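Coordinates from work.pdb are shown below (PDB, C-alpha atoms and all ligand atoms).
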ATOM      1  CA  MET G   1     -13.218  -6.560  -2.734  1.00  0.00           C
ATOM      2  CA  ARG G   2     -16.045  -4.155  -1.964  1.00  0.00           C
ATOM      3  CA  PHE G   3     -16.000  -0.380  -1.892  1.00  0.00           C
ATOM      4  CA  ASP G   4     -18.847   1.816  -0.716  1.00  0.00           C
ATOM      5  CA  ILE G   5     -18.483   5.504  -1.488  1.00  0.00           C
ATOM      6  CA  LEU G   6     -20.476   7.805   0.762  1.00  0.00           C
ATOM      7  CA  THR G   7     -20.912  11.094  -1.053  1.00  0.00           C
ATOM      8  CA  LEU G   8     -23.224  14.000  -1.777  1.00  0.00           C
ATOM      9  CA  PHE G   9     -22.192  13.884  -5.447  1.00  0.00           C
ATOM     10  CA  PRO G  10     -22.910  10.406  -6.826  1.00  0.00           C
ATOM     11  CA  ARG G  11     -22.702  11.555 -10.436  1.00  0.00           C
ATOM     12  CA  MET G  12     -18.996  12.280 -10.057  1.00  0.00           C
ATOM     13  CA  PHE G  13     -18.476   8.513 -10.052  1.00  0.00           C
ATOM     14  CA  PHE G  14     -20.474   7.530 -13.105  1.00  0.00           C
ATOM     15  CA  SER G  15     -17.649   7.017 -15.570  1.00  0.00           C
ATOM     16  CA  PRO G  16     -14.283   6.648 -13.769  1.00  0.00           C
ATOM     17  CA  PHE G  17     -14.938   3.038 -12.864  1.00  0.00           C
ATOM     18  CA  GLN G  18     -15.838   1.944 -16.361  1.00  0.00           C
ATOM     19  CA  GLU G  19     -12.459   2.426 -17.979  1.00  0.00           C
ATOM     20  CA  SER G  20      -9.145   0.634 -18.175  1.00  0.00           C
ATOM     21  CA  ILE G  21      -7.825  -1.729 -15.499  1.00  0.00           C
ATOM     22  CA  LEU G  22     -10.414  -0.712 -12.928  1.00  0.00           C
ATOM     23  CA  GLY G  23     -13.237  -1.076 -15.437  1.00  0.00           C
ATOM     24  CA  ARG G  24     -12.070  -4.605 -16.217  1.00  0.00           C
ATOM     25  CA  ALA G  25     -11.750  -5.458 -12.519  1.00  0.00           C
ATOM     26  CA  VAL G  26     -15.342  -4.299 -11.993  1.00  0.00           C
ATOM     27  CA  GLN G  27     -16.568  -6.273 -15.007  1.00  0.00           C
ATOM     28  CA  ARG G  28     -14.848  -9.422 -13.844  1.00  0.00           C
ATOM     29  CA  GLY G  29     -16.381  -9.040 -10.405  1.00  0.00           C
ATOM     30  CA  LEU G  30     -13.031  -8.628  -8.626  1.00  0.00           C
ATOM     31  CA  VAL G  31     -14.178  -5.239  -7.416  1.00  0.00           C
ATOM     32  CA  GLN G  32     -17.670  -4.137  -6.448  1.00  0.00           C
ATOM     33  CA  ILE G  33     -18.328  -0.431  -6.134  1.00  0.00           C
ATOM     34  CA  ARG G  34     -21.485   1.017  -4.679  1.00  0.00           C
ATOM     35  CA  ILE G  35     -22.321   4.690  -4.466  1.00  0.00           C
ATOM     36  CA  VAL G  36     -24.213   5.682  -1.322  1.00  0.00           C
ATOM     37  CA  ASN G  37     -25.900   9.074  -1.529  1.00  0.00           C
ATOM     38  CA  ILE G  38     -25.680  10.660   1.912  1.00  0.00           C
ATOM     39  CA  ARG G  39     -28.666  12.856   1.074  1.00  0.00           C
ATOM     40  CA  ASP G  40     -30.887   9.761   0.979  1.00  0.00           C
ATOM     41  CA  PHE G  41     -30.257   9.430   4.716  1.00  0.00           C
ATOM     42  CA  ALA G  42     -31.478  12.933   5.595  1.00  0.00           C
ATOM     43  CA  LEU G  43     -34.965  12.321   6.905  1.00  0.00           C
ATOM     44  CA  ASP G  44     -36.376  15.851   6.973  1.00  0.00           C
ATOM     45  CA  LYS G  45     -38.587  17.196   4.203  1.00  0.00           C
ATOM     46  CA  HIS G  46     -35.820  19.169   2.493  1.00  0.00           C
ATOM     47  CA  GLN G  47     -33.184  16.481   2.977  1.00  0.00           C
ATOM     48  CA  VAL G  48     -30.801  18.917   4.635  1.00  0.00           C
ATOM     49  CA  VAL G  49     -27.256  17.574   4.918  1.00  0.00           C
ATOM     50  CA  ASP G  50     -25.358  20.641   6.137  1.00  0.00           C
ATOM     51  CA  ASP G  51     -25.730  23.559   8.520  1.00  0.00           C
ATOM     52  CA  THR G  52     -23.874  26.641   9.765  1.00  0.00           C
ATOM     53  CA  PRO G  53     -21.016  26.078  12.209  1.00  0.00           C
ATOM     54  CA  TYR G  54     -21.552  26.574  15.938  1.00  0.00           C
ATOM     55  CA  GLY G  55     -19.392  29.476  17.071  1.00  0.00           C
ATOM     56  CA  GLY G  56     -19.798  31.208  13.721  1.00  0.00           C
ATOM     57  CA  GLY G  57     -17.508  31.364  10.740  1.00  0.00           C
ATOM     58  CA  GLN G  58     -17.621  30.880   7.022  1.00  0.00           C
ATOM     59  CA  GLY G  59     -19.281  28.058   5.149  1.00  0.00           C
ATOM     60  CA  MET G  60     -21.302  25.054   6.090  1.00  0.00           C
ATOM     61  CA  VAL G  61     -20.599  21.883   8.052  1.00  0.00           C
ATOM     62  CA  MET G  62     -21.918  18.447   7.108  1.00  0.00           C
ATOM     63  CA  LYS G  63     -24.376  17.215   9.716  1.00  0.00           C
ATOM     64  CA  VAL G  64     -23.752  14.144  11.826  1.00  0.00           C
ATOM     65  CA  GLU G  65     -27.154  12.426  11.507  1.00  0.00           C
ATOM     66  CA  PRO G  66     -27.330  11.706   7.742  1.00  0.00           C
ATOM     67  CA  ILE G  67     -23.692  10.552   7.642  1.00  0.00           C
ATOM     68  CA  GLY G  68     -24.181   8.472  10.780  1.00  0.00           C
ATOM     69  CA  ARG G  69     -27.273   6.796   9.347  1.00  0.00           C
ATOM     70  CA  ALA G  70     -25.544   6.094   6.035  1.00  0.00           C
ATOM     71  CA  ILE G  71     -22.597   4.455   7.823  1.00  0.00           C
ATOM     72  CA  GLU G  72     -24.918   2.452  10.087  1.00  0.00           C
ATOM     73  CA  TRP G  73     -26.745   1.233   6.984  1.00  0.00           C
ATOM     74  CA  VAL G  74     -23.455   0.026   5.483  1.00  0.00           C
ATOM     75  CA  LYS G  75     -22.417  -1.573   8.775  1.00  0.00           C
ATOM     76  CA  ALA G  76     -25.781  -3.300   9.269  1.00  0.00           C
ATOM     77  CA  GLU G  77     -25.008  -5.257   6.130  1.00  0.00           C
ATOM     78  CA  ASP G  78     -21.359  -5.853   6.916  1.00  0.00           C
ATOM     79  CA  ALA G  79     -20.093  -4.962  10.387  1.00  0.00           C
ATOM     80  CA  SER G  80     -16.510  -5.540   9.265  1.00  0.00           C
ATOM     81  CA  ALA G  81     -16.568  -2.684   6.719  1.00  0.00           C
ATOM     82  CA  ARG G  82     -13.699  -0.319   7.451  1.00  0.00           C
ATOM     83  CA  VAL G  83     -14.793   3.319   7.439  1.00  0.00           C
ATOM     84  CA  ILE G  84     -12.269   5.725   5.981  1.00  0.00           C
ATOM     85  CA  HIS G  85     -12.759   9.481   5.951  1.00  0.00           C
ATOM     86  CA  MET G  86     -11.012  11.192   3.054  1.00  0.00           C
ATOM     87  CA  THR G  87      -9.489  14.415   4.382  1.00  0.00           C
ATOM     88  CA  PRO G  88      -6.257  16.406   4.067  1.00  0.00           C
ATOM     89  CA  GLN G  89      -5.969  15.965   7.838  1.00  0.00           C
ATOM     90  CA  GLY G  90      -5.571  12.220   7.459  1.00  0.00           C
ATOM     91  CA  ARG G  91      -2.533   9.987   7.292  1.00  0.00           C
ATOM     92  CA  PRO G  92      -0.753  10.552   3.978  1.00  0.00           C
ATOM     93  CA  LEU G  93      -1.350   7.704   1.566  1.00  0.00           C
ATOM     94  CA  ASP G  94       1.674   5.804   0.295  1.00  0.00           C
ATOM     95  CA  GLN G  95       2.142   2.479  -1.469  1.00  0.00           C
ATOM     96  CA  GLU G  96       2.657   0.639   1.807  1.00  0.00           C
ATOM     97  CA  ARG G  97      -0.691   1.828   3.139  1.00  0.00           C
ATOM     98  CA  VAL G  98      -2.317   1.054  -0.224  1.00  0.00           C
ATOM     99  CA  ARG G  99      -1.056  -2.511   0.139  1.00  0.00           C
ATOM    100  CA  GLU G 100      -2.399  -2.730   3.697  1.00  0.00           C
ATOM    101  CA  LEU G 101      -5.778  -1.384   2.598  1.00  0.00           C
ATOM    102  CA  SER G 102      -5.947  -4.034  -0.131  1.00  0.00           C
ATOM    103  CA  SER G 103      -6.115  -6.683   2.599  1.00  0.00           C
ATOM    104  CA  PHE G 104      -9.530  -5.455   3.798  1.00  0.00           C
ATOM    105  CA  ALA G 105     -12.554  -7.105   2.195  1.00  0.00           C
ATOM    106  CA  HIS G 106     -14.714  -3.985   2.401  1.00  0.00           C
ATOM    107  CA  LEU G 107     -13.860  -0.296   2.579  1.00  0.00           C
ATOM    108  CA  ALA G 108     -16.429   2.459   3.091  1.00  0.00           C
ATOM    109  CA  LEU G 109     -14.980   5.742   1.876  1.00  0.00           C
ATOM    110  CA  LEU G 110     -16.581   8.840   3.328  1.00  0.00           C
ATOM    111  CA  CYS G 111     -16.201  11.927   1.133  1.00  0.00           C
ATOM    112  CA  GLY G 112     -16.439  15.194   3.032  1.00  0.00           C
ATOM    113  CA  ARG G 113     -17.454  18.471   1.431  1.00  0.00           C
ATOM    114  CA  TYR G 114     -17.774  22.119   2.317  1.00  0.00           C
ATOM    115  CA  GLU G 115     -15.847  23.282   5.347  1.00  0.00           C
ATOM    116  CA  GLY G 116     -15.803  19.827   6.883  1.00  0.00           C
ATOM    117  CA  ILE G 117     -17.911  17.396   8.798  1.00  0.00           C
ATOM    118  CA  ASP G 118     -19.237  17.535  12.345  1.00  0.00           C
ATOM    119  CA  GLU G 119     -16.459  16.307  14.644  1.00  0.00           C
ATOM    120  CA  ARG G 120     -18.768  13.693  16.141  1.00  0.00           C
ATOM    121  CA  VAL G 121     -18.773  11.797  12.844  1.00  0.00           C
ATOM    122  CA  ARG G 122     -15.058  11.273  13.315  1.00  0.00           C
ATOM    123  CA  GLU G 123     -15.409  10.302  16.944  1.00  0.00           C
ATOM    124  CA  LEU G 124     -18.276   7.879  16.503  1.00  0.00           C
ATOM    125  CA  PHE G 125     -18.129   6.394  13.037  1.00  0.00           C
ATOM    126  CA  VAL G 126     -14.707   6.715  11.426  1.00  0.00           C
ATOM    127  CA  ASP G 127     -11.963   4.076  11.710  1.00  0.00           C
ATOM    128  CA  GLU G 128      -9.228   6.048  10.011  1.00  0.00           C
ATOM    129  CA  GLU G 129      -8.554   9.199   8.024  1.00  0.00           C
ATOM    130  CA  VAL G 130      -6.582   9.253   4.809  1.00  0.00           C
ATOM    131  CA  SER G 131      -5.071  12.151   2.855  1.00  0.00           C
ATOM    132  CA  ILE G 132      -3.831  11.762  -0.702  1.00  0.00           C
ATOM    133  CA  GLY G 133      -1.399  14.657  -0.373  1.00  0.00           C
ATOM    134  CA  ASP G 134      -0.654  18.035   1.107  1.00  0.00           C
ATOM    135  CA  TYR G 135      -3.102  20.035  -0.951  1.00  0.00           C
ATOM    136  CA  VAL G 136      -6.779  20.769  -0.542  1.00  0.00           C
ATOM    137  CA  LEU G 137      -9.390  19.370  -2.913  1.00  0.00           C
ATOM    138  CA  SER G 138     -12.929  20.684  -2.884  1.00  0.00           C
ATOM    139  CA  GLY G 139     -14.088  17.361  -1.508  1.00  0.00           C
ATOM    140  CA  GLY G 140     -13.032  13.804  -0.832  1.00  0.00           C
ATOM    141  CA  GLU G 141     -14.479  12.387  -4.074  1.00  0.00           C
ATOM    142  CA  PHE G 142     -11.326  12.484  -6.178  1.00  0.00           C
ATOM    143  CA  ALA G 143      -9.332  11.217  -3.207  1.00  0.00           C
ATOM    144  CA  ALA G 144     -11.697   8.231  -2.904  1.00  0.00           C
ATOM    145  CA  MET G 145     -11.172   7.466  -6.607  1.00  0.00           C
ATOM    146  CA  VAL G 146      -7.425   7.519  -6.062  1.00  0.00           C
ATOM    147  CA  VAL G 147      -7.703   5.042  -3.183  1.00  0.00           C
ATOM    148  CA  ILE G 148      -9.961   2.707  -5.147  1.00  0.00           C
ATOM    149  CA  ASP G 149      -7.719   2.763  -8.213  1.00  0.00           C
ATOM    150  CA  ALA G 150      -4.480   2.226  -6.280  1.00  0.00           C
ATOM    151  CA  VAL G 151      -5.938  -0.554  -4.102  1.00  0.00           C
ATOM    152  CA  SER G 152      -7.821  -2.383  -6.862  1.00  0.00           C
ATOM    153  CA  ARG G 153      -4.827  -2.806  -9.130  1.00  0.00           C
ATOM    154  CA  LEU G 154      -3.092  -4.782  -6.377  1.00  0.00           C
ATOM    155  CA  LEU G 155      -5.849  -7.379  -6.184  1.00  0.00           C
ATOM    156  CA  PRO G 156      -4.797 -10.716  -7.649  1.00  0.00           C
ATOM    157  CA  GLY G 157      -5.946 -10.921 -11.259  1.00  0.00           C
ATOM    158  CA  ALA G 158      -6.621  -7.172 -11.660  1.00  0.00           C
ATOM    159  CA  LEU G 159      -3.583  -6.623 -13.842  1.00  0.00           C
ATOM    160  CA  GLY G 160      -2.779  -8.708 -16.884  1.00  0.00           C
ATOM    161  CA  SER G 161       0.013 -10.439 -15.016  1.00  0.00           C
ATOM    162  CA  ASP G 162       1.178 -10.206 -11.424  1.00  0.00           C
ATOM    163  CA  ARG G 163       4.530  -9.116 -12.737  1.00  0.00           C
ATOM    164  CA  SER G 164       3.328  -5.616 -13.591  1.00  0.00           C
ATOM    165  CA  ALA G 165       2.527  -4.858  -9.958  1.00  0.00           C
ATOM    166  CA  VAL G 166       5.870  -6.249  -8.864  1.00  0.00           C
ATOM    167  CA  GLU G 167       7.738  -3.989 -11.283  1.00  0.00           C
ATOM    168  CA  ASP G 168       5.808  -0.852 -10.344  1.00  0.00           C
ATOM    169  CA  SER G 169       7.464   2.232  -9.039  1.00  0.00           C
ATOM    170  CA  PHE G 170       7.576   2.170  -5.251  1.00  0.00           C
ATOM    171  CA  PHE G 171       7.275  -1.603  -5.102  1.00  0.00           C
ATOM    172  CA  ASN G 172      10.885  -1.516  -4.055  1.00  0.00           C
ATOM    173  CA  SER G 173      10.902   2.205  -3.229  1.00  0.00           C
ATOM    174  CA  LEU G 174      12.544   3.066  -6.554  1.00  0.00           C
ATOM    175  CA  LEU G 175      11.180   5.105  -9.433  1.00  0.00           C
ATOM    176  CA  GLU G 176      10.740   3.283 -12.715  1.00  0.00           C
ATOM    177  CA  TYR G 177      13.302   3.100 -15.480  1.00  0.00           C
ATOM    178  CA  PRO G 178      12.560   4.828 -18.812  1.00  0.00           C
ATOM    179  CA  GLN G 179      10.515   2.881 -21.363  1.00  0.00           C
ATOM    180  CA  TYR G 180      10.584   3.076 -25.162  1.00  0.00           C
ATOM    181  CA  THR G 181       8.566   1.625 -27.989  1.00  0.00           C
ATOM    182  CA  ARG G 182       8.524   2.057 -31.799  1.00  0.00           C
ATOM    183  CA  PRO G 183       9.651   4.108 -33.671  1.00  0.00           C
ATOM    184  CA  LEU G 184      13.351   3.577 -33.160  1.00  0.00           C
ATOM    185  CA  GLU G 185      14.032   7.187 -33.987  1.00  0.00           C
ATOM    186  CA  PHE G 186      11.878  10.244 -33.359  1.00  0.00           C
ATOM    187  CA  THR G 187      13.006  13.747 -34.354  1.00  0.00           C
ATOM    188  CA  GLY G 188      16.610  12.656 -34.077  1.00  0.00           C
ATOM    189  CA  ARG G 189      16.230  10.954 -30.714  1.00  0.00           C
ATOM    190  CA  THR G 190      16.968   7.254 -30.710  1.00  0.00           C
ATOM    191  CA  VAL G 191      16.292   4.432 -28.315  1.00  0.00           C
ATOM    192  CA  PRO G 192      19.260   3.436 -26.094  1.00  0.00           C
ATOM    193  CA  GLU G 193      21.303   0.763 -27.916  1.00  0.00           C
ATOM    194  CA  VAL G 194      21.367  -1.688 -25.053  1.00  0.00           C
ATOM    195  CA  LEU G 195      17.597  -2.196 -25.365  1.00  0.00           C
ATOM    196  CA  LEU G 196      18.109  -3.495 -28.900  1.00  0.00           C
ATOM    197  CA  SER G 197      20.977  -5.797 -27.965  1.00  0.00           C
ATOM    198  CA  GLY G 198      18.917  -8.808 -26.948  1.00  0.00           C
ATOM    199  CA  ASN G 199      21.305  -9.184 -24.006  1.00  0.00           C
ATOM    200  CA  HIS G 200      18.858  -9.638 -21.134  1.00  0.00           C
ATOM    201  CA  CYS G 201      21.504  -9.383 -18.486  1.00  0.00           C
ATOM    202  CA  ALA G 202      22.793  -6.071 -19.854  1.00  0.00           C
ATOM    203  CA  ILE G 203      19.222  -4.787 -20.242  1.00  0.00           C
ATOM    204  CA  SER G 204      18.379  -5.638 -16.619  1.00  0.00           C
ATOM    205  CA  ARG G 205      21.508  -3.923 -15.407  1.00  0.00           C
ATOM    206  CA  TRP G 206      20.805  -0.806 -17.505  1.00  0.00           C
ATOM    207  CA  ARG G 207      17.221  -0.634 -16.233  1.00  0.00           C
ATOM    208  CA  ARG G 208      18.251  -1.008 -12.628  1.00  0.00           C
ATOM    209  CA  LYS G 209      20.900   1.671 -13.045  1.00  0.00           C
ATOM    210  CA  GLU G 210      18.406   4.065 -14.670  1.00  0.00           C
ATOM    211  CA  ALA G 211      15.888   3.408 -11.880  1.00  0.00           C
ATOM    212  CA  LEU G 212      18.564   4.164  -9.300  1.00  0.00           C
ATOM    213  CA  LYS G 213      19.698   7.281 -11.205  1.00  0.00           C
ATOM    214  CA  ARG G 214      16.155   8.623 -11.427  1.00  0.00           C
ATOM    215  CA  THR G 215      15.477   7.978  -7.784  1.00  0.00           C
ATOM    216  CA  LEU G 216      18.741   9.584  -6.748  1.00  0.00           C
ATOM    217  CA  THR G 217      18.078  12.758  -8.716  1.00  0.00           C
ATOM    218  CA  ARG G 218      14.320  13.099  -8.282  1.00  0.00           C
ATOM    219  CA  ARG G 219      13.483  11.424  -4.977  1.00  0.00           C
ATOM    220  CA  PRO G 220      16.625  10.852  -2.908  1.00  0.00           C
ATOM    221  CA  ASP G 221      14.381  10.452   0.153  1.00  0.00           C
ATOM    222  CA  LEU G 222      13.151   7.140  -1.285  1.00  0.00           C
ATOM    223  CA  LEU G 223      16.625   5.674  -1.576  1.00  0.00           C
ATOM    224  CA  GLY G 224      16.969   5.631   2.193  1.00  0.00           C
ATOM    225  CA  ARG G 225      14.018   3.239   2.393  1.00  0.00           C
ATOM    226  CA  ALA G 226      14.948   1.037  -0.575  1.00  0.00           C
ATOM    227  CA  VAL G 227      16.329  -2.456  -0.153  1.00  0.00           C
ATOM    228  CA  LEU G 228      19.632  -2.221  -2.026  1.00  0.00           C
ATOM    229  CA  SER G 229      21.802  -5.109  -3.085  1.00  0.00           C
ATOM    230  CA  ARG G 230      25.559  -5.101  -3.371  1.00  0.00           C
ATOM    231  CA  GLU G 231      25.177  -4.583  -7.112  1.00  0.00           C
ATOM    232  CA  ASP G 232      22.855  -1.620  -6.510  1.00  0.00           C
ATOM    233  CA  ARG G 233      25.495   0.020  -4.352  1.00  0.00           C
ATOM    234  CA  ASP G 234      28.097  -0.522  -7.077  1.00  0.00           C
ATOM    235  CA  LEU G 235      25.716   0.988  -9.635  1.00  0.00           C
ATOM    236  CA  LEU G 236      25.121   3.995  -7.383  1.00  0.00           C
ATOM    237  CA  GLU G 237      28.861   4.447  -7.072  1.00  0.00           C
ATOM    238  CA  GLU G 238      29.123   4.356 -10.880  1.00  0.00           C
ATOM    239  CA  ILE G 239      26.347   6.943 -11.175  1.00  0.00           C
ATOM    240  CA  ARG G 240      28.042   9.251  -8.676  1.00  0.00           C
ATOM    241  CA  LYS G 241      31.384   8.967 -10.505  1.00  0.00           C
ATOM    242  CA  GLU G 242      29.714   9.657 -13.863  1.00  0.00           C
ATOM    243  CA  SER G 243      27.974  12.753 -12.498  1.00  0.00           C
ATOM    244  CA  VAL G 244      31.279  14.106 -11.130  1.00  0.00           C
ATOM    245  CA  GLU G 245      32.971  13.496 -14.483  1.00  0.00           C
ATOM    246  CA  SER G 246      30.274  15.190 -16.580  1.00  0.00           C
TER     247      SER G 246
HETATM  248  N1  LIG G 301     -10.356  16.106   0.708  1.00  0.00           N
HETATM  249  C1  LIG G 301      -9.908  17.332   0.378  1.00  0.00           C
HETATM  250  N2  LIG G 301      -8.595  17.334   0.178  1.00  0.00           N
HETATM  251  C2  LIG G 301      -8.170  16.048   0.372  1.00  0.00           C
HETATM  252  C3  LIG G 301      -6.908  15.399   0.322  1.00  0.00           C
HETATM  253  N3  LIG G 301      -5.793  16.062   0.023  1.00  0.00           N
HETATM  254  N4  LIG G 301      -6.852  14.092   0.597  1.00  0.00           N
HETATM  255  C4  LIG G 301      -7.980  13.420   0.930  1.00  0.00           C
HETATM  256  N5  LIG G 301      -9.195  13.973   0.992  1.00  0.00           N
HETATM  257  C5  LIG G 301      -9.304  15.279   0.723  1.00  0.00           C
END

Just give me the structure as C-alpha cells.
Ligand code: ADE
Amino acid sequence: MRFDILTLFPRMFFSPFQESILGRAVQRGLVQIRIVNIRDFALDKHQVVDDTPYGGGQGMVMKVEPIGRAIEWVKAEDASARVIHMTPQGRPLDQERVRELSSFAHLALLCGRYEGIDERVRELFVDEEVSIGDYVLSGGEFAAMVVIDAVSRLLPGALGSDRSAVEDSFFNSLLEYPQYTRPLEFTGRTVPEVLLSGNHCAISRWRRKEALKRTLTRRPDLLGRAVLSREDRDLLEEIRKESVES
C-alpha cells in the first residue's frame, strides 16, 4: 500500500516510520511512504505557501495553488490516489474506518497547518476529511502518522501473525483483557491463578469476562455495538451480580 504525505514539515516524518511494526512493514515493501513537500510546488521566488485571510482575522491561510499542484502531481502518477485532508473538522476516525481505508491501494494525506487551508482546496482536490479526535493539534502531521500506523498494521503480513489483529481491542468492539508476563509476583501483586492453570477453556472464559468487565466500566457505549454471544450475556450478568455484591 502507498502513502503520500503532503506537508510543509517533511522532517517531522524522518524517524517514525523506521521503528517497530511499521518500520518492518516499510522494510518488507508492504508499505511505501513518500513525503511530498508542499513548498516545492510554490513557484514564486520566495516559495510562499500561505497568506493573510480575506476578510481579516488572525493568522495565515495555506494557499490553494501549491497544494493544488502537489495533489495534481500525485494524481498524474496515480489517478486513483484517495486524497484525505487531516483536520479536526473531518469524520472522526474509528477502527471501522481504518479498516475501510486499508482497502485503498494509495492514500494521499494532506496535512494542514496554521489557521487552515483555502476552502477551494477542499472543494476541488479533497476526497474526504478525517479527524483523529475532538482536540486540536498544531497541524495534521501527527494525525497522518496515526492513520498510517493504524492502517498499515491491518495489511496482511504486517503483524507477526494475523491473529494479533483479530484479537485487538475494537476488533469486536470490546476493550482488551489484562495481560501479564514474568515475574509471577511484583511488590506483593500476583498474576491471576487461572492464567497458570493450563486450562485453556477457563483461560478463554476469564479473558472474555475481563474484556467485557473493562468495556462495561470504561466504555459502555461500545457494548451497544458489540456482537455478543449467549455466553457473553451470561458473563455480563455474572459481572453485574458481582458488582452489586461487592
Ligand atoms: N489537525 C489538527 N487537529 C487535528 C485532528 N484532531 N485530527 C486530524 N487532523 C488535525

Neighbourhood of ligand LIG 301 (chain G) at 12 Å, counting only C-alpha atoms and all ligand atoms, reported as a short mmCIF file (atom, residue, chain, number, x, y, z; two decimals) with C-alpha atoms, in the frame of the given file:
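Okay, this is what ended up in result00.cif:
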data_model
loop_
_atom_site.label_atom_id
_atom_site.label_comp_id
_atom_site.auth_asym_id
_atom_site.auth_seq_id
_atom_site.Cartn_x
_atom_site.Cartn_y
_atom_site.Cartn_z
CA THR G 7 -20.91 11.09 -1.05
CA ILE G 84 -12.27 5.72 5.98
CA HIS G 85 -12.76 9.48 5.95
CA MET G 86 -11.01 11.19 3.05
CA THR G 87 -9.49 14.42 4.38
CA PRO G 88 -6.26 16.41 4.07
CA GLN G 89 -5.97 15.96 7.84
CA GLY G 90 -5.57 12.22 7.46
CA ARG G 91 -2.53 9.99 7.29
CA PRO G 92 -0.75 10.55 3.98
CA LEU G 93 -1.35 7.70 1.57
CA ASP G 94 1.67 5.80 0.30
CA LEU G 109 -14.98 5.74 1.88
CA LEU G 110 -16.58 8.84 3.33
CA CYS G 111 -16.20 11.93 1.13
CA GLY G 112 -16.44 15.19 3.03
CA ARG G 113 -17.45 18.47 1.43
CA TYR G 114 -17.77 22.12 2.32
CA GLU G 115 -15.85 23.28 5.35
CA GLY G 116 -15.80 19.83 6.88
CA ILE G 117 -17.91 17.40 8.80
CA GLU G 128 -9.23 6.05 10.01
CA GLU G 129 -8.55 9.20 8.02
CA VAL G 130 -6.58 9.25 4.81
CA SER G 131 -5.07 12.15 2.86
CA ILE G 132 -3.83 11.76 -0.70
CA GLY G 133 -1.40 14.66 -0.37
CA ASP G 134 -0.65 18.04 1.11
CA TYR G 135 -3.10 20.04 -0.95
CA VAL G 136 -6.78 20.77 -0.54
CA LEU G 137 -9.39 19.37 -2.91
CA SER G 138 -12.93 20.68 -2.88
CA GLY G 139 -14.09 17.36 -1.51
CA GLY G 140 -13.03 13.80 -0.83
CA GLU G 141 -14.48 12.39 -4.07
CA PHE G 142 -11.33 12.48 -6.18
CA ALA G 143 -9.33 11.22 -3.21
CA ALA G 144 -11.70 8.23 -2.90
CA MET G 145 -11.17 7.47 -6.61
CA VAL G 146 -7.42 7.52 -6.06
CA VAL G 147 -7.70 5.04 -3.18
#

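Using only C-alpha atoms, the residues found no farther than 9 Å from G:Ser152, other than those of its own chain fewer than 3 positions away, are G:Met1, G:Ile21, G:Leu22, G:Ala25, G:Leu30, G:Val31, G:Ser102, G:Val147, G:Ile148, G:Asp149, G:Leu155, G:Pro156, G:Ala158.
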
Quiz item: Hey, can you check how far atom CA of G:Pro192 sits from atom CA of G:Tyr177?
Solution: 12.2 Å

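Shortest separation to G:Ala150 among G:Gln95, G:Arg189, G:Glu100, G:His200 occurs at residue G:Gln95, atoms counted being all atoms listed in the file.
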
Can you list what the PyMOL selection byres (((chain G and resi 61) around 10) and not hetatm) grabs from this structure, as a compact mmCIF listing (two decimals) with C-alpha atoms, keeping the file's coordinate frame?
# COMPACT_ATOMS: atom_id res chain seq x y z
CA VAL G 49 -27.26 17.57 4.92
CA ASP G 50 -25.36 20.64 6.14
CA ASP G 51 -25.73 23.56 8.52
CA THR G 52 -23.87 26.64 9.76
CA PRO G 53 -21.02 26.08 12.21
CA TYR G 54 -21.55 26.57 15.94
CA GLN G 58 -17.62 30.88 7.02
CA GLY G 59 -19.28 28.06 5.15
CA MET G 60 -21.30 25.05 6.09
CA MET G 62 -21.92 18.45 7.11
CA LYS G 63 -24.38 17.22 9.72
CA VAL G 64 -23.75 14.14 11.83
CA GLY G 112 -16.44 15.19 3.03
CA ARG G 113 -17.45 18.47 1.43
CA TYR G 114 -17.77 22.12 2.32
CA GLU G 115 -15.85 23.28 5.35
CA GLY G 116 -15.80 19.83 6.88
CA ILE G 117 -17.91 17.40 8.80
CA ASP G 118 -19.24 17.54 12.34
CA GLU G 119 -16.46 16.31 14.64

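Between atom CA of G:Leu107 and atom CA of G:Phe3 the interatomic distance comes to 5.0 Å.
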
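In terms of minimum interatomic distance to G:Glu96, G:Leu154 ranks closest within G:Leu154, G:Asp221, G:Ser246, G:Glu176, counting all atoms listed in the file.
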
Self-check item: Which of G:Lys241, G:Arg153, G:Arg218, G:Lys213 sits closest to G:Gly23 [using all atoms listed in the file]
Solution: G:Arg153

Neighbour residues at most 9 Å from (-26.3, 13.1, 0.9) (all atoms listed in the file) as an mmCIF file with C-alpha atoms, in the frame of the given file:
data_model
loop_
_atom_site.group_PDB
_atom_site.id
_atom_site.type_symbol
_atom_site.label_atom_id
_atom_site.label_comp_id
_atom_site.auth_asym_id
_atom_site.auth_seq_id
_atom_site.Cartn_x
_atom_site.Cartn_y
_atom_site.Cartn_z
ATOM 1 C CA LEU G 6 -20.476 7.805 0.762
ATOM 2 C CA THR G 7 -20.912 11.094 -1.053
ATOM 3 C CA LEU G 8 -23.224 14.000 -1.777
ATOM 4 C CA PHE G 9 -22.192 13.884 -5.447
ATOM 5 C CA PRO G 10 -22.910 10.406 -6.826
ATOM 6 C CA VAL G 36 -24.213 5.682 -1.322
ATOM 7 C CA ASN G 37 -25.900 9.074 -1.529
ATOM 8 C CA ILE G 38 -25.680 10.660 1.912
ATOM 9 C CA ARG G 39 -28.666 12.856 1.074
ATOM 10 C CA ASP G 40 -30.887 9.761 0.979
ATOM 11 C CA PHE G 41 -30.257 9.430 4.716
ATOM 12 C CA ALA G 42 -31.478 12.933 5.595
ATOM 13 C CA GLN G 47 -33.184 16.481 2.977
ATOM 14 C CA VAL G 48 -30.801 18.917 4.635
ATOM 15 C CA VAL G 49 -27.256 17.574 4.918
ATOM 16 C CA PRO G 66 -27.330 11.706 7.742
ATOM 17 C CA ILE G 67 -23.692 10.552 7.642
ATOM 18 C CA ALA G 70 -25.544 6.094 6.035
#

Quiz item: Got a sec: who's within 12 Å of G:Asp232, counting only C-alpha atoms, leaving out chain neighbours fewer than 6 positions off, as a PyMOL selection string?
Solution: chain G and resi 174+204-213+216+223+226+238-239

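Ranking G:Ile71, G:Ala76, G:Val98, G:Val227 by their shortest atom-to-atom distance to G:Val126, with all atoms listed in the file included, puts G:Ile71 first.
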
Exercise. Calculate how many Å separate atom CA of G:Glu123 from atom CA of G:Arg11, rounding to one decimal.
Key: 28.4 Å

Quiz item: Contacts of G:Phe125 at 8 Å or less, counting only C-alpha atoms, minus same-chain residues fewer than 5 places along, as a PyMOL selection string?
Solution: chain G and resi 68+71+83+120
